[in-house]
Structures are given as structure tokens and as C-alpha cells.
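This is target_14.cif. It holds mmCIF, C-alpha atoms.
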data_run
loop_
_atom_site.label_atom_id
_atom_site.label_comp_id
_atom_site.auth_asym_id
_atom_site.auth_seq_id
_atom_site.Cartn_x
_atom_site.Cartn_y
_atom_site.Cartn_z
CA MET A 1 -40.69 -56.08 -68.46
CA THR A 2 -41.61 -52.48 -67.86
CA ALA A 3 -40.82 -49.50 -70.01
CA THR A 4 -40.05 -46.01 -68.83
CA LEU A 5 -43.44 -44.33 -68.82
CA SER A 6 -42.83 -41.31 -71.00
CA PRO A 7 -44.36 -40.42 -74.35
CA GLY A 8 -40.98 -40.70 -76.10
CA ALA A 9 -40.56 -44.33 -75.02
CA TRP A 10 -43.71 -45.45 -76.93
CA PRO A 11 -44.68 -48.09 -74.35
CA ALA A 12 -47.41 -50.62 -75.15
CA LEU A 13 -50.13 -51.37 -72.61
CA VAL A 14 -50.28 -55.16 -72.15
CA LEU A 15 -53.68 -56.76 -71.65
CA ASN A 16 -54.42 -60.34 -70.71
CA ALA A 17 -56.43 -62.41 -73.20
CA ASP A 18 -59.61 -61.18 -71.47
CA TYR A 19 -58.59 -57.57 -72.26
CA ARG A 20 -57.86 -56.65 -68.65
CA PRO A 21 -54.42 -55.23 -67.78
CA LEU A 22 -52.07 -57.87 -66.40
CA SER A 23 -51.61 -55.51 -63.46
CA TYR A 24 -52.70 -52.01 -62.53
CA TYR A 25 -49.86 -51.13 -60.19
CA PRO A 26 -47.37 -51.21 -61.57
CA LEU A 27 -49.25 -50.84 -64.83
CA SER A 28 -48.38 -53.65 -67.24
CA VAL A 29 -46.46 -52.07 -70.10
CA TRP A 30 -43.72 -53.20 -72.45
CA ALA A 31 -41.17 -51.20 -74.38
CA TRP A 32 -42.16 -50.88 -78.03
CA GLN A 33 -39.32 -53.23 -79.02
CA ASP A 34 -40.69 -55.99 -76.78
CA ALA A 35 -44.22 -55.46 -78.11
CA ILE A 36 -43.05 -55.80 -81.73
CA LYS A 37 -41.02 -58.90 -80.87
CA ALA A 38 -44.14 -60.45 -79.27
CA VAL A 39 -46.13 -59.63 -82.44
CA PHE A 40 -43.59 -61.44 -84.61
CA LEU A 41 -43.52 -64.40 -82.21
CA ASP A 42 -47.34 -64.52 -82.54
CA ARG A 43 -47.85 -64.14 -78.78
CA VAL A 44 -50.04 -61.01 -78.90
CA ASN A 45 -52.73 -59.30 -80.92
CA ILE A 46 -52.38 -55.60 -81.65
CA VAL A 47 -55.43 -53.77 -80.32
CA GLU A 48 -54.42 -50.11 -80.82
CA TYR A 49 -51.60 -48.30 -82.62
CA TYR A 50 -49.60 -45.09 -82.21
CA GLU A 51 -49.23 -42.80 -85.22
CA ARG A 52 -45.47 -43.44 -85.04
CA GLN A 53 -43.89 -46.01 -87.38
CA VAL A 54 -40.69 -48.00 -87.40
CA SER A 55 -39.15 -49.23 -90.60
CA SER A 56 -36.31 -51.17 -92.09
CA ALA A 57 -35.20 -51.49 -95.70
CA THR A 58 -37.98 -53.99 -96.47
CA PHE A 59 -40.59 -53.47 -93.77
CA GLN A 60 -42.54 -50.80 -91.94
CA MET A 61 -45.02 -50.99 -89.10
CA ARG A 62 -46.97 -48.63 -86.88
CA LEU A 63 -45.98 -49.01 -83.24
CA PRO A 64 -48.55 -50.87 -81.11
CA SER A 65 -49.93 -48.85 -78.20
CA VAL A 66 -52.13 -51.65 -76.80
CA VAL A 67 -51.57 -55.40 -77.18
CA SER A 68 -53.47 -58.37 -75.80
CA LEU A 69 -51.93 -61.72 -75.02
CA LYS A 70 -53.18 -64.65 -77.08
CA ALA A 71 -52.90 -67.03 -74.13
CA PHE A 72 -54.67 -66.19 -70.87
CA ILE A 73 -52.41 -65.87 -67.84
CA ARG A 74 -54.24 -66.83 -64.67
CA PRO A 75 -53.74 -64.06 -62.09
CA ALA A 76 -51.99 -64.98 -58.86
CA ARG A 77 -54.42 -65.99 -56.12
CA GLN A 78 -52.39 -64.43 -53.34
CA PRO A 79 -50.14 -61.40 -53.76
CA ALA A 80 -46.48 -61.76 -52.89
CA PHE A 81 -45.52 -60.51 -49.44
CA THR A 82 -43.20 -57.65 -50.41
CA ARG A 83 -42.41 -54.23 -48.98
CA PHE A 84 -44.02 -52.63 -52.04
CA ASN A 85 -47.25 -54.62 -51.62
CA VAL A 86 -47.42 -53.73 -47.90
CA PHE A 87 -47.12 -50.06 -48.89
CA LEU A 88 -49.76 -50.52 -51.58
CA ARG A 89 -52.12 -52.28 -49.17
CA ASP A 90 -51.69 -49.35 -46.76
CA ARG A 91 -51.98 -46.82 -49.62
CA PHE A 92 -48.43 -45.51 -49.13
CA THR A 93 -49.50 -43.98 -45.82
CA CYS A 94 -48.03 -44.32 -42.33
CA GLN A 95 -50.54 -46.30 -40.31
CA TYR A 96 -49.75 -44.28 -37.19
CA CYS A 97 -49.75 -40.63 -38.34
CA ASP A 98 -50.91 -40.61 -42.01
CA ALA A 99 -47.56 -39.29 -43.27
CA ARG A 100 -46.67 -40.24 -46.84
CA GLU A 101 -42.94 -39.52 -46.75
CA ASP A 102 -39.95 -41.55 -45.63
CA LEU A 103 -41.89 -44.84 -45.39
CA THR A 104 -40.55 -48.05 -43.97
CA PHE A 105 -42.44 -50.86 -42.31
CA ASP A 106 -43.13 -51.65 -38.69
CA HIS A 107 -43.81 -54.90 -36.88
CA VAL A 108 -46.98 -54.18 -34.84
CA ILE A 109 -45.90 -56.85 -32.34
CA PRO A 110 -42.13 -56.30 -32.30
CA ARG A 111 -39.89 -59.15 -33.37
CA SER A 112 -38.13 -58.86 -30.01
CA ARG A 113 -41.48 -59.80 -28.43
CA GLY A 114 -42.18 -62.75 -30.72
CA GLY A 115 -43.85 -60.87 -33.59
CA GLN A 116 -43.42 -62.36 -37.02
CA THR A 117 -42.85 -60.78 -40.41
CA THR A 118 -46.28 -61.55 -41.87
CA TRP A 119 -49.11 -59.66 -43.55
CA GLU A 120 -51.00 -59.70 -40.26
CA ASN A 121 -48.17 -58.10 -38.26
CA VAL A 122 -46.52 -55.57 -40.59
CA VAL A 123 -47.76 -52.08 -41.47
CA ALA A 124 -46.39 -49.12 -43.42
CA ALA A 125 -44.86 -46.58 -41.04
CA CYS A 126 -42.84 -43.42 -41.48
CA SER A 127 -39.35 -43.53 -40.02
CA PRO A 128 -40.13 -41.11 -37.13
CA CYS A 129 -43.11 -43.24 -35.99
CA ASN A 130 -41.14 -46.45 -36.41
CA LEU A 131 -38.33 -45.05 -34.25
CA ARG A 132 -40.77 -43.68 -31.67
CA LYS A 133 -42.56 -47.01 -31.32
CA GLY A 134 -39.31 -48.95 -31.23
CA SER A 135 -39.73 -52.37 -29.61
CA MET A 136 -42.81 -51.39 -27.61
CA MET A 137 -46.21 -53.00 -27.98
CA PRO A 138 -48.85 -50.73 -29.57
CA ALA A 139 -50.64 -50.06 -26.25
CA GLU A 140 -47.35 -49.25 -24.46
CA ALA A 141 -46.37 -46.77 -27.16
CA ARG A 142 -49.96 -45.48 -27.45
CA MET A 143 -49.61 -46.09 -31.18
CA ILE A 144 -52.40 -48.22 -32.61
CA PRO A 145 -52.38 -48.73 -36.41
CA ARG A 146 -55.25 -46.93 -38.15
CA GLN A 147 -56.06 -50.15 -39.98
CA LYS A 148 -55.56 -53.64 -38.62
CA PRO A 149 -52.97 -55.35 -40.84
CA TYR A 150 -54.38 -58.11 -43.05
CA GLN A 151 -53.42 -60.28 -45.98
CA PRO A 152 -54.90 -58.52 -49.01
CA ALA A 153 -56.35 -60.21 -52.05
CA VAL A 154 -54.93 -59.30 -55.46
CA PHE A 155 -58.20 -57.40 -56.01
CA ASP A 156 -57.48 -55.21 -52.94
CA LEU A 157 -54.09 -54.24 -54.32
CA HIS A 158 -55.56 -53.50 -57.77
CA GLN A 159 -58.21 -51.30 -56.18
CA ASN A 160 -55.60 -49.41 -54.15
CA GLY A 161 -53.33 -49.12 -57.17
CA ARG A 162 -56.02 -47.18 -58.99
CA HIS A 163 -55.51 -44.34 -56.53
CA PHE A 164 -51.93 -43.96 -57.77
CA PRO A 165 -52.10 -43.60 -61.56
CA PRO A 166 -48.87 -43.84 -63.53
CA ASN A 167 -47.05 -40.73 -64.68
CA TYR A 168 -48.03 -41.34 -68.29
CA LEU A 169 -51.25 -42.67 -69.84
CA HIS A 170 -51.69 -42.59 -73.60
CA ASP A 171 -55.19 -41.72 -74.87
CA SER A 172 -55.44 -45.10 -76.62
CA TRP A 173 -55.13 -46.89 -73.25
CA VAL A 174 -58.10 -45.26 -71.52
CA ASP A 175 -60.72 -47.64 -72.94
CA TYR A 176 -58.82 -50.61 -71.48
CA LEU A 177 -58.16 -49.29 -67.99
CA TYR A 178 -60.57 -49.24 -65.09
CA TRP A 179 -63.41 -50.62 -67.23
CA ASP A 180 -64.74 -52.59 -64.29
CA THR A 181 -65.31 -49.52 -62.10
CA GLU A 182 -68.77 -48.13 -61.48
CA LEU A 183 -69.87 -45.57 -64.05
CA ASP A 184 -71.09 -42.10 -63.16
CA PRO A 185 -74.84 -41.59 -63.81
#

Would you mind writing the file's structure down as C-alpha cells?
Amino acid sequence: MTATLSPGAWPALVLNADYRPLSYYPLSVWAWQDAIKAVFLDRVNIVEYYERQVSSATFQMRLPSVVSLKAFIRPARQPAFTRFNVFLRDRFTCQYCDAREDLTFDHVIPRSRGGQTTWENVVAACSPCNLRKGSMMPAEARMIPRQKPYQPAVFDLHQNGRHFPPNYLHDSWVDYLYWDTELDP
């Protein structure tokens, strides 16, 4: 479940039981309603709060801004092969011309020539480059991908996701994000 990332939505950052975000991109957040429900179902601990409160006739509670799961969820070993994850692996950049607009994906070895739809044969490409390359082999089209396509590890996608921060980060989240990056001296 993801909440709209705006201050008015009061989203809660969701951490695994080891206090790492479940995912960096997209950032793991829940709507405040889902966070409160998880508190009442005893599935999370509240780590940080907003100043904002919700109340009923008999109850009031500050909204959680950061929650941690009580049960550890083992991260996936291999990321799913999706269009989004291909774009993330390639940092939302055309692998032929470095454009960042109008992205699609391209089969390096065209399907018409026996190429398969796999991590090792698909790259992010802008539509003009994809059309220009068509069903030609990279050498024929004189279009060699800037990076050889590969199957990324979840870690690779997390690292790349850090280059594309979400539109909204609450101050209370900062201590729980990117804590495993190298510190400045």
C-alpha cells in the first residue's frame, strides 16, 4: 500500500523489523489510516510521531510518522523483471543516447532475430532510438548500449533508487533512510 506523498496525506514510513525501509524506490509508506490499523492489530511499533492527532469520542492518538514491523520480512533475493525495474536498473536513461524522456524498452538482440525478453537482453531506450534501431542488431544500427544489460540484485536497484528521492520526505524519516551509506568526513 502506498500513500500519496504529500504533507497533507500524513504518510507513515514503514521500516522492516531491522529498521531498514522495506524498499527505497518506491519508498515504503502507508497512509496514516493503514498505519493506525496496523498499530491496533499489533503488527507494528510506532517509532516517530507527527504533531497531528486524530480523535474519536473516546480516544485520541498522534499520527505515526515512522513505524517498524514487528515481524521481519525477508527481502526478495531477485527483483521482479518489470518495465519499472529495467528503467530503475538503467537509471531512467536511454542506453543509446542518455535521453530521460519518452522511455520504453528495447530488445538489444531483436525478437525477430531470436532475442528474448530477459534482463540480459532488454535496456531502457527512448522512443526515437527504439524506432531508429528497429529490428537491427546493435552493430548494424551502430547503436551499442552504454551499459551491457544484466540481471540486477535488489541491492543494485536500492542503490539506483537513492538517486531518485521521492517528492516528499518528512523530517522524522531522515534518520531511517540511507543510514547504510558512507558518511562524509

### Query
Using the chain letters and numbers from the file, which residues does the PyMOL selection byres ((chain A and resi 137) around 10) grab, as a ChimeraX atom specification?
/A:107-110,113,115,133-136,138-144

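Here, the PyMOL selection byres ((chain A and resi 146-156) around 7) matches Arg77, Gln78, Pro79, Arg89, Gln95, Tyr96, Trp119, Glu120, Asn121, Val122, Val123, Ile144, Pro145, Leu157, His158, Gln159 and Asn160 of chain A.
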
Go ahead and find all residues with at least one atom no further than 12 Å from (-56.4, -52.5, -69.3) in the file's coordinates, using all atoms listed in the file; report them as a CSV table (one decimal) with C-alpha atoms, in the coordinates of the input.
chain,number,residue,atom,x,y,z
A,12,ALA,CA,-47.4,-50.6,-75.2
A,13,LEU,CA,-50.1,-51.4,-72.6
A,14,VAL,CA,-50.3,-55.2,-72.2
A,15,LEU,CA,-53.7,-56.8,-71.6
A,16,ASN,CA,-54.4,-60.3,-70.7
A,17,ALA,CA,-56.4,-62.4,-73.2
A,18,ASP,CA,-59.6,-61.2,-71.5
A,19,TYR,CA,-58.6,-57.6,-72.3
A,20,ARG,CA,-57.9,-56.6,-68.6
A,21,PRO,CA,-54.4,-55.2,-67.8
A,22,LEU,CA,-52.1,-57.9,-66.4
A,23,SER,CA,-51.6,-55.5,-63.5
A,24,TYR,CA,-52.7,-52.0,-62.5
A,25,TYR,CA,-49.9,-51.1,-60.2
A,26,PRO,CA,-47.4,-51.2,-61.6
A,27,LEU,CA,-49.2,-50.8,-64.8
A,28,SER,CA,-48.4,-53.6,-67.2
A,29,VAL,CA,-46.5,-52.1,-70.1
A,47,VAL,CA,-55.4,-53.8,-80.3
A,48,GLU,CA,-54.4,-50.1,-80.8
A,65,SER,CA,-49.9,-48.8,-78.2
A,66,VAL,CA,-52.1,-51.6,-76.8
A,67,VAL,CA,-51.6,-55.4,-77.2
A,68,SER,CA,-53.5,-58.4,-75.8
A,69,LEU,CA,-51.9,-61.7,-75.0
A,158,HIS,CA,-55.6,-53.5,-57.8
A,162,ARG,CA,-56.0,-47.2,-59.0
A,169,LEU,CA,-51.2,-42.7,-69.8
A,170,HIS,CA,-51.7,-42.6,-73.6
A,172,SER,CA,-55.4,-45.1,-76.6
A,173,TRP,CA,-55.1,-46.9,-73.2
A,174,VAL,CA,-58.1,-45.3,-71.5
A,175,ASP,CA,-60.7,-47.6,-72.9
A,176,TYR,CA,-58.8,-50.6,-71.5
A,177,LEU,CA,-58.2,-49.3,-68.0
A,178,TYR,CA,-60.6,-49.2,-65.1
A,179,TRP,CA,-63.4,-50.6,-67.2
A,180,ASP,CA,-64.7,-52.6,-64.3
A,181,THR,CA,-65.3,-49.5,-62.1

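If you look at atom CA of Pro64 of chain A and atom CA of Gly161 of chain A, they are 24.5 Å away from each other.
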
### Task
Would you mind reading off the distance between atom CA of Val44 of chain A and atom CA of Thr58 of chain A, one decimal, in Å?
22.4 Å

Model the absent atoms of segment 79-90 of chain A so that all heavy atoms are present, and write the result as an mmCIF file, in the frame of the given file.
data_model
loop_
_atom_site.group_PDB
_atom_site.id
_atom_site.type_symbol
_atom_site.label_atom_id
_atom_site.label_comp_id
_atom_site.auth_asym_id
_atom_site.auth_seq_id
_atom_site.Cartn_x
_atom_site.Cartn_y
_atom_site.Cartn_z
ATOM 1 N N PRO A 79 -51.267 -62.273 -53.403
ATOM 2 C CA PRO A 79 -50.140 -61.400 -53.760
ATOM 3 C C PRO A 79 -48.884 -61.775 -52.975
ATOM 4 O O PRO A 79 -48.975 -62.293 -51.855
ATOM 5 C CB PRO A 79 -50.631 -60.011 -53.388
ATOM 6 C CG PRO A 79 -51.695 -60.230 -52.385
ATOM 7 C CD PRO A 79 -52.300 -61.575 -52.666
ATOM 8 N N ALA A 80 -47.755 -61.505 -53.569
ATOM 9 C CA ALA A 80 -46.480 -61.760 -52.890
ATOM 10 C C ALA A 80 -46.355 -60.819 -51.693
ATOM 11 O O ALA A 80 -46.785 -59.662 -51.743
ATOM 12 C CB ALA A 80 -45.320 -61.527 -53.855
ATOM 13 N N PHE A 81 -45.766 -61.325 -50.629
ATOM 14 C CA PHE A 81 -45.520 -60.510 -49.440
ATOM 15 C C PHE A 81 -44.224 -59.744 -49.663
ATOM 16 O O PHE A 81 -43.131 -60.262 -49.462
ATOM 17 C CB PHE A 81 -45.444 -61.388 -48.189
ATOM 18 C CG PHE A 81 -45.177 -60.620 -46.925
ATOM 19 C CD1 PHE A 81 -46.082 -59.671 -46.470
ATOM 20 C CD2 PHE A 81 -44.031 -60.850 -46.188
ATOM 21 C CE1 PHE A 81 -45.840 -58.959 -45.295
ATOM 22 C CE2 PHE A 81 -43.784 -60.145 -45.018
ATOM 23 C CZ PHE A 81 -44.688 -59.203 -44.571
ATOM 24 N N THR A 82 -44.357 -58.502 -50.144
ATOM 25 C CA THR A 82 -43.200 -57.650 -50.410
ATOM 26 C C THR A 82 -43.419 -56.300 -49.741
ATOM 27 O O THR A 82 -44.558 -55.917 -49.419
ATOM 28 C CB THR A 82 -43.019 -57.399 -51.928
ATOM 29 O OG1 THR A 82 -44.152 -56.669 -52.409
ATOM 30 C CG2 THR A 82 -42.859 -58.705 -52.702
ATOM 31 N N ARG A 83 -42.341 -55.583 -49.556
ATOM 32 C CA ARG A 83 -42.410 -54.230 -48.980
ATOM 33 C C ARG A 83 -43.344 -53.362 -49.826
ATOM 34 O O ARG A 83 -44.215 -52.658 -49.308
ATOM 35 C CB ARG A 83 -41.000 -53.634 -48.930
ATOM 36 C CG ARG A 83 -40.919 -52.256 -48.349
ATOM 37 C CD ARG A 83 -39.483 -51.743 -48.400
ATOM 38 N NE ARG A 83 -38.580 -52.627 -47.698
ATOM 39 C CZ ARG A 83 -38.142 -52.410 -46.454
ATOM 40 N NH1 ARG A 83 -38.513 -51.335 -45.804
ATOM 41 N NH2 ARG A 83 -37.322 -53.248 -45.884
ATOM 42 N N PHE A 84 -43.184 -53.429 -51.145
ATOM 43 C CA PHE A 84 -44.020 -52.630 -52.040
ATOM 44 C C PHE A 84 -45.503 -52.953 -51.841
ATOM 45 O O PHE A 84 -46.347 -52.057 -51.752
ATOM 46 C CB PHE A 84 -43.613 -52.860 -53.498
ATOM 47 C CG PHE A 84 -44.433 -52.066 -54.466
ATOM 48 C CD1 PHE A 84 -44.103 -50.764 -54.773
ATOM 49 C CD2 PHE A 84 -45.557 -52.626 -55.050
ATOM 50 C CE1 PHE A 84 -44.878 -50.022 -55.649
ATOM 51 C CE2 PHE A 84 -46.336 -51.893 -55.927
ATOM 52 C CZ PHE A 84 -45.988 -50.588 -56.230
ATOM 53 N N ASN A 85 -45.845 -54.238 -51.773
ATOM 54 C CA ASN A 85 -47.250 -54.620 -51.620
ATOM 55 C C ASN A 85 -47.812 -54.234 -50.253
ATOM 56 O O ASN A 85 -48.998 -53.929 -50.133
ATOM 57 C CB ASN A 85 -47.444 -56.108 -51.903
ATOM 58 C CG ASN A 85 -47.430 -56.406 -53.384
ATOM 59 O OD1 ASN A 85 -47.571 -55.506 -54.214
ATOM 60 N ND2 ASN A 85 -47.255 -57.663 -53.722
ATOM 61 N N VAL A 86 -46.970 -54.231 -49.211
ATOM 62 C CA VAL A 86 -47.420 -53.730 -47.900
ATOM 63 C C VAL A 86 -47.749 -52.238 -48.040
ATOM 64 O O VAL A 86 -48.802 -51.774 -47.588
ATOM 65 C CB VAL A 86 -46.361 -53.961 -46.797
ATOM 66 C CG1 VAL A 86 -46.725 -53.187 -45.523
ATOM 67 C CG2 VAL A 86 -46.217 -55.443 -46.492
ATOM 68 N N PHE A 87 -46.861 -51.482 -48.685
ATOM 69 C CA PHE A 87 -47.120 -50.060 -48.890
ATOM 70 C C PHE A 87 -48.390 -49.850 -49.705
ATOM 71 O O PHE A 87 -49.195 -48.976 -49.406
ATOM 72 C CB PHE A 87 -45.945 -49.373 -49.588
ATOM 73 C CG PHE A 87 -44.691 -49.272 -48.770
ATOM 74 C CD1 PHE A 87 -43.486 -48.963 -49.376
ATOM 75 C CD2 PHE A 87 -44.689 -49.477 -47.400
ATOM 76 C CE1 PHE A 87 -42.316 -48.848 -48.640
ATOM 77 C CE2 PHE A 87 -43.530 -49.368 -46.648
ATOM 78 C CZ PHE A 87 -42.339 -49.051 -47.274
ATOM 79 N N LEU A 88 -48.573 -50.648 -50.739
ATOM 80 C CA LEU A 88 -49.760 -50.520 -51.580
ATOM 81 C C LEU A 88 -51.022 -50.856 -50.790
ATOM 82 O O LEU A 88 -52.025 -50.142 -50.873
ATOM 83 C CB LEU A 88 -49.622 -51.420 -52.813
ATOM 84 C CG LEU A 88 -50.714 -51.307 -53.864
ATOM 85 C CD1 LEU A 88 -50.868 -49.876 -54.368
ATOM 86 C CD2 LEU A 88 -50.390 -52.239 -55.035
ATOM 87 N N ARG A 89 -50.975 -51.931 -50.009
ATOM 88 C CA ARG A 89 -52.120 -52.280 -49.170
ATOM 89 C C ARG A 89 -52.501 -51.110 -48.267
ATOM 90 O O ARG A 89 -53.672 -50.779 -48.090
ATOM 91 C CB ARG A 89 -51.800 -53.504 -48.302
ATOM 92 C CG ARG A 89 -52.943 -53.902 -47.354
ATOM 93 C CD ARG A 89 -52.486 -54.781 -46.220
ATOM 94 N NE ARG A 89 -51.571 -54.090 -45.329
ATOM 95 C CZ ARG A 89 -50.870 -54.691 -44.374
ATOM 96 N NH1 ARG A 89 -50.967 -55.992 -44.188
ATOM 97 N NH2 ARG A 89 -50.055 -54.000 -43.602
ATOM 98 N N ASP A 90 -51.484 -50.458 -47.701
ATOM 99 C CA ASP A 90 -51.690 -49.350 -46.760
ATOM 100 C C ASP A 90 -51.742 -47.991 -47.461
ATOM 101 O O ASP A 90 -51.681 -46.948 -46.806
ATOM 102 C CB ASP A 90 -50.602 -49.367 -45.682
ATOM 103 C CG ASP A 90 -50.672 -50.611 -44.799
ATOM 104 O OD1 ASP A 90 -51.718 -51.301 -44.823
ATOM 105 O OD2 ASP A 90 -49.687 -50.904 -44.095
#
